[in-house]
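Each remark here refers to the structure printed beneath this line.
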Amino acid sequence: MTDLYHSQRAMRRMRKAAIDRRVMAILDVGSSKIACLILRFDGPDQLRGEDGMGSLAGQSSFRVIGAATTRSRGVRFGEVDAMNETERAIRTAVQAAQKMAGVRVDHVIASFAGARPRSYGLAGAVELADGTVTEDDIARALSACDVPDIGHGREVLHAQPVNFALDHRTGMGDPRGQIGNRLSVDMHMLSVEETVVQNLLFCIQRCDLELAGLASSAYVAGVSSLVEDEQELGAACIDMGGGTTGVSVFIKKHMIYADTVRLGGDHITSDISKGIQVPMTQAERIKTFHGGVVATGMDDREMIETGGETGDWERDRRRVSRSELIGIMRPRVEEILEEVRARLDAAGFDHLPARQIVLTGGASQIPGLDGLASRILGHQVRLGRPLRVQGLPQAATGPAFAASVGLCLFAAHPQDEWWDFDIPTDSYPARSLKRAVKWFRDNW
């Protein structure tokens, strides 16, 4: 844990160095595509402290000056599966984005979707020495949190204070300078599999890039897709990608739960490929142009050509009805949504004051999905697009780019994390485990 704390602090310093040099790359490593955006930072970075640490760790204005995507290779379930193929795909995306921007970048902030994330809700409290909250008091309160035994081979990816209380006053975002006797903090911690992070890190280093930050795709998709009121009052973001579906829950503008369902749009494509016996590329095209999840009487009569390239004219001229296609797609979509519902139940989503659900990601564009999701998840559902950032090309404004755009916002406006404070190193013992679900009920 101590090594991780120091490596995360080192990445924060690298981020500051990149912003000082005015350019940085964003890399969203997904199962179906790898997206790279080049950011140019315009405004001064208001960082506290000489080493860029401390609360409110930097706000900077930026615009996108380069963008490129390439088909993902060597990535399964949001994790690096074949190192050489993934390295080539990352190089392709980064070089194309650099060419468009006309600059070379050394630092990159990356997001990934897999690694079996687990959420924990932690709490800590300290007595104040002189009655006024200082940065040291916040660090002491964070170090007083019961750090769970996250298990062998796992690393902490995010550790964010989500709520401060000073004596009887709760719901505070930044207690510094306020007067009281006892400071308590609630913290959300997200752990992931260590090997997945190391493989991605190794891949990025082989591309001659320095990693200046790492984020969960489920988290950054929520940052870009949820509007301010949704983040404040309670909402879930369902990011339906190619290999995985990310689930993140926000309240008071902080993520308090994240998980991943290891199913996505590629599994729907695979079902179509097997069901009507066409290659995967053909199945993807049929899904995109004719797919859906709600059948009507018209769909029996709407026929879809499944032209192939085998040279066998009779076989290549087959046709299927749209209702047959929907019959193949719907069971898989229902399976994904049932898994999502199980994650939301585990998170205690029903206990939040507002319960808006936002669907985003490339696979969320299937016609009729929002209505089906609303029935299965039991809450109001809307389709979300990433909030627009300056300079973003039109092609990168759709739901498939929710994580990429969120990663830009994460790079420019990171939320406070554990490693932004000088935590005493003797505060890492593995103690009682408090899972997020109990913490929700006690704190919200």
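Ligands are numbered from 1 in the order shown, chains are lettered A, B, ... in the order of the structure tokens, and residues start at 1 in each chain.
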
**OP:** Give the helix (DSSP H, G or I) residues of segment 184-317 of chain A, as assigned by DSSP on the backbone, as JSON, numbers by chain.
**Re:** {"A": [194, 195, 196, 197, 198, 199, 200, 201, 202, 203, 204, 205, 206, 217, 218, 219, 220, 221, 222, 223, 224, 225, 228, 229, 230, 231, 232, 233, 265, 266, 267, 268, 269, 270, 271, 272, 273, 274, 275, 280, 281, 282, 283, 284, 285, 286, 287, 288, 289, 290, 297, 298, 299, 300, 313, 314, 315, 316]}

Original post:
Can you list, as a VMD selection string, every protein, DNA or RNA residue that comes within 12 Å of Ile204 of chain A when you count only C-alpha atoms, leaving out same-chain residues fewer than 5 positions away?
Top reply: chain A and resid 25 to 29 80 83 to 84 86 to 91 94 106 to 111 197 to 199 209 to 214

**OP:** Using only C-alpha atoms, pick whichever of A:Ile326, A:Ala221, A:Ala17, A:Leu372 has the shortest atom-to-atom distance to Arg385 of chain A.
**Re:** A:Ala221

Original post:
What's the 10 Å shell around Val389 of chain A, counting only C-alpha atoms, without same-chain residues fewer than 5 positions away, as number ranges by chain?
Top reply: A: 62-64, 224, 397, 405-406, 408-409

Expected file: the selected residues, all heavy atoms, as a PDB file, in the first residue's frame:
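Contents of out_39.pdb, freshly written:
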```pdb
ATOM      1  N   PHE A  62      -8.584  23.729 -20.840  1.00  0.00           N
ATOM      2  CA  PHE A  62      -7.894  22.993 -21.905  1.00  0.00           C
ATOM      3  C   PHE A  62      -8.781  22.941 -23.135  1.00  0.00           C
ATOM      4  O   PHE A  62      -9.980  23.227 -23.081  1.00  0.00           O
ATOM      5  CB  PHE A  62      -7.577  21.560 -21.450  1.00  0.00           C
ATOM      6  CG  PHE A  62      -8.819  20.714 -21.267  1.00  0.00           C
ATOM      7  CD1 PHE A  62      -9.319  19.945 -22.311  1.00  0.00           C
ATOM      8  CD2 PHE A  62      -9.504  20.707 -20.066  1.00  0.00           C
ATOM      9  CE1 PHE A  62     -10.466  19.189 -22.162  1.00  0.00           C
ATOM     10  CE2 PHE A  62     -10.669  19.945 -19.903  1.00  0.00           C
ATOM     11  CZ  PHE A  62     -11.136  19.185 -20.956  1.00  0.00           C
ATOM     12  N   ARG A  63      -8.181  22.547 -24.256  1.00  0.00           N
ATOM     13  CA  ARG A  63      -8.969  22.221 -25.447  1.00  0.00           C
ATOM     14  C   ARG A  63      -8.305  21.049 -26.146  1.00  0.00           C
ATOM     15  O   ARG A  63      -7.096  20.812 -25.985  1.00  0.00           O
ATOM     16  CB  ARG A  63      -9.120  23.426 -26.367  1.00  0.00           C
ATOM     17  CG  ARG A  63      -7.856  24.038 -26.854  1.00  0.00           C
ATOM     18  CD  ARG A  63      -8.082  25.446 -27.398  1.00  0.00           C
ATOM     19  NE  ARG A  63      -6.814  26.139 -27.576  1.00  0.00           N
ATOM     20  CZ  ARG A  63      -6.108  26.112 -28.690  1.00  0.00           C
ATOM     21  NH1 ARG A  63      -6.542  25.433 -29.739  1.00  0.00           N
ATOM     22  NH2 ARG A  63      -4.962  26.761 -28.781  1.00  0.00           N
ATOM     23  N   VAL A  64      -9.090  20.329 -26.941  1.00  0.00           N
ATOM     24  CA  VAL A  64      -8.585  19.161 -27.665  1.00  0.00           C
ATOM     25  C   VAL A  64      -7.983  19.647 -28.984  1.00  0.00           C
ATOM     26  O   VAL A  64      -8.634  20.351 -29.750  1.00  0.00           O
ATOM     27  CB  VAL A  64      -9.727  18.155 -27.939  1.00  0.00           C
ATOM     28  CG1 VAL A  64      -9.231  16.974 -28.755  1.00  0.00           C
ATOM     29  CG2 VAL A  64     -10.340  17.680 -26.628  1.00  0.00           C
ATOM     30  N   SER A 224     -18.369  12.458 -17.260  1.00  0.00           N
ATOM     31  CA  SER A 224     -18.716  13.199 -18.481  1.00  0.00           C
ATOM     32  C   SER A 224     -20.196  13.108 -18.848  1.00  0.00           C
ATOM     33  O   SER A 224     -20.705  13.979 -19.541  1.00  0.00           O
ATOM     34  CB  SER A 224     -17.874  12.709 -19.662  1.00  0.00           C
ATOM     35  OG  SER A 224     -18.349  11.475 -20.126  1.00  0.00           O
ATOM     36  N   THR A 397     -18.109  13.008 -30.311  1.00  0.00           N
ATOM     37  CA  THR A 397     -19.080  13.579 -29.373  1.00  0.00           C
ATOM     38  C   THR A 397     -20.189  12.590 -29.011  1.00  0.00           C
ATOM     39  O   THR A 397     -21.074  12.927 -28.241  1.00  0.00           O
ATOM     40  CB  THR A 397     -19.738  14.853 -29.959  1.00  0.00           C
ATOM     41  OG1 THR A 397     -20.371  14.507 -31.197  1.00  0.00           O
ATOM     42  CG2 THR A 397     -18.717  15.943 -30.198  1.00  0.00           C
ATOM     43  N   VAL A 405     -13.952  11.492 -23.055  1.00  0.00           N
ATOM     44  CA  VAL A 405     -14.212  12.882 -22.668  1.00  0.00           C
ATOM     45  C   VAL A 405     -14.108  13.036 -21.154  1.00  0.00           C
ATOM     46  O   VAL A 405     -13.545  14.008 -20.645  1.00  0.00           O
ATOM     47  CB  VAL A 405     -15.606  13.341 -23.176  1.00  0.00           C
ATOM     48  CG1 VAL A 405     -15.956  14.723 -22.657  1.00  0.00           C
ATOM     49  CG2 VAL A 405     -15.636  13.333 -24.704  1.00  0.00           C
ATOM     50  N   GLY A 406     -14.619  12.040 -20.417  1.00  0.00           N
ATOM     51  CA  GLY A 406     -14.508  12.072 -18.952  1.00  0.00           C
ATOM     52  C   GLY A 406     -13.065  12.063 -18.490  1.00  0.00           C
ATOM     53  O   GLY A 406     -12.701  12.693 -17.492  1.00  0.00           O
ATOM     54  N   CYS A 408     -10.591  13.421 -20.089  1.00  0.00           N
ATOM     55  CA  CYS A 408     -10.093  14.807 -20.268  1.00  0.00           C
ATOM     56  C   CYS A 408     -10.420  15.641 -19.030  1.00  0.00           C
ATOM     57  O   CYS A 408      -9.571  16.379 -18.517  1.00  0.00           O
ATOM     58  CB  CYS A 408     -10.739  15.471 -21.478  1.00  0.00           C
ATOM     59  SG  CYS A 408     -10.363  14.715 -23.058  1.00  0.00           S
ATOM     60  N   LEU A 409     -11.674  15.529 -18.565  1.00  0.00           N
ATOM     61  CA  LEU A 409     -12.102  16.295 -17.387  1.00  0.00           C
ATOM     62  C   LEU A 409     -11.355  15.834 -16.143  1.00  0.00           C
ATOM     63  O   LEU A 409     -10.992  16.643 -15.290  1.00  0.00           O
ATOM     64  CB  LEU A 409     -13.620  16.135 -17.197  1.00  0.00           C
ATOM     65  CG  LEU A 409     -14.481  16.633 -18.370  1.00  0.00           C
ATOM     66  CD1 LEU A 409     -15.932  16.212 -18.205  1.00  0.00           C
ATOM     67  CD2 LEU A 409     -14.388  18.141 -18.523  1.00  0.00           C
TER      68      LEU A 409
END
```

Subject >> Exercise: Val249 of chain A partners within 8 Å, only C-alpha atoms, chain neighbours under 3 positions left out, as a PyMOL selection string >> reply: chain A and resi 222+234-237+255-258+349

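Using only C-alpha atoms, the protein and nucleic acid residues lying no more than 8 Å from segment 162-167 of chain A, apart from those fewer than 2 places from it along its own chain, are A:Gln160, A:Arg169, A:Thr170, A:Gly171, A:Met172, A:Gly173, A:Asp174, A:Pro175, A:Gly180, A:Asn181, A:Arg182, A:Leu183, A:Ser184, A:Val185, A:Asp186, A:Met187, A:His188, A:Lys252, A:His254, A:Met255, A:Ile256.
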
**OP:** Determine, counting only C-alpha atoms, which protein, DNA and RNA residues have an atom within 9 Å of an atom of His152 of chain A; residues of the same chain fewer than 3 positions away are not included. Present the result as a PyMOL selection string.
**Re:** chain A and resi 149+155+194

Keeping only N, CA, C and O atoms, write those residues as a compact mmCIF listing (two decimals), in the first residue's frame.
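So the final result, stored in result.txt, reads:
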```
# COMPACT_ATOMS: atom_id res chain seq x y z
N ASP A 149 -8.54 -5.09 4.30
CA ASP A 149 -7.61 -6.02 3.66
C ASP A 149 -8.18 -6.29 2.27
O ASP A 149 -9.12 -7.05 2.11
N GLU A 155 -4.69 -3.71 -6.09
CA GLU A 155 -4.17 -2.36 -5.85
C GLU A 155 -5.32 -1.38 -5.72
O GLU A 155 -6.40 -1.59 -6.28
N GLU A 194 -4.05 -6.17 -9.60
CA GLU A 194 -2.73 -5.57 -9.80
C GLU A 194 -2.13 -5.91 -11.16
O GLU A 194 -1.56 -5.05 -11.84
```

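Residue nearest Leu122 of chain A, chosen from A:Arg140, A:Thr288, A:Gln282, A:Val147 and counting only C-alpha atoms: A:Val147.
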
Original post:
Using only C-alpha atoms, which of the listed residues (A:Asp137, A:Ala35, A:Asp420, A:Gly264) sits closest to Ala93 of chain A?
Top reply: A:Ala35

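A straight line drawn from atom CA of Ala68 of chain A to atom CA of Met280 of chain A is 23.3 Å long.
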
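The space separating atom CA of Val227 of chain A from atom CA of Ile336 of chain A comes to 24.4 Å.
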
Subject >> Proximity to Glu339 of chain A - best of A:Arg262, A:Arg71, A:His267, A:Arg285, only C-alpha atoms >> reply: A:Arg262

**OP:** From the DSSP assignment of the backbone, select every residue of segment 72-300 of chain A that is strand (DSSP E or B), and format the answer as an NGL selection string.
**Re:** :A and (75-76 or 79-80 or 107-112 or 118-127 or 132 or 148 or 154-166 or 169-172 or 179 or 182-193 or 210-216 or 235-240 or 245-251 or 254-261)
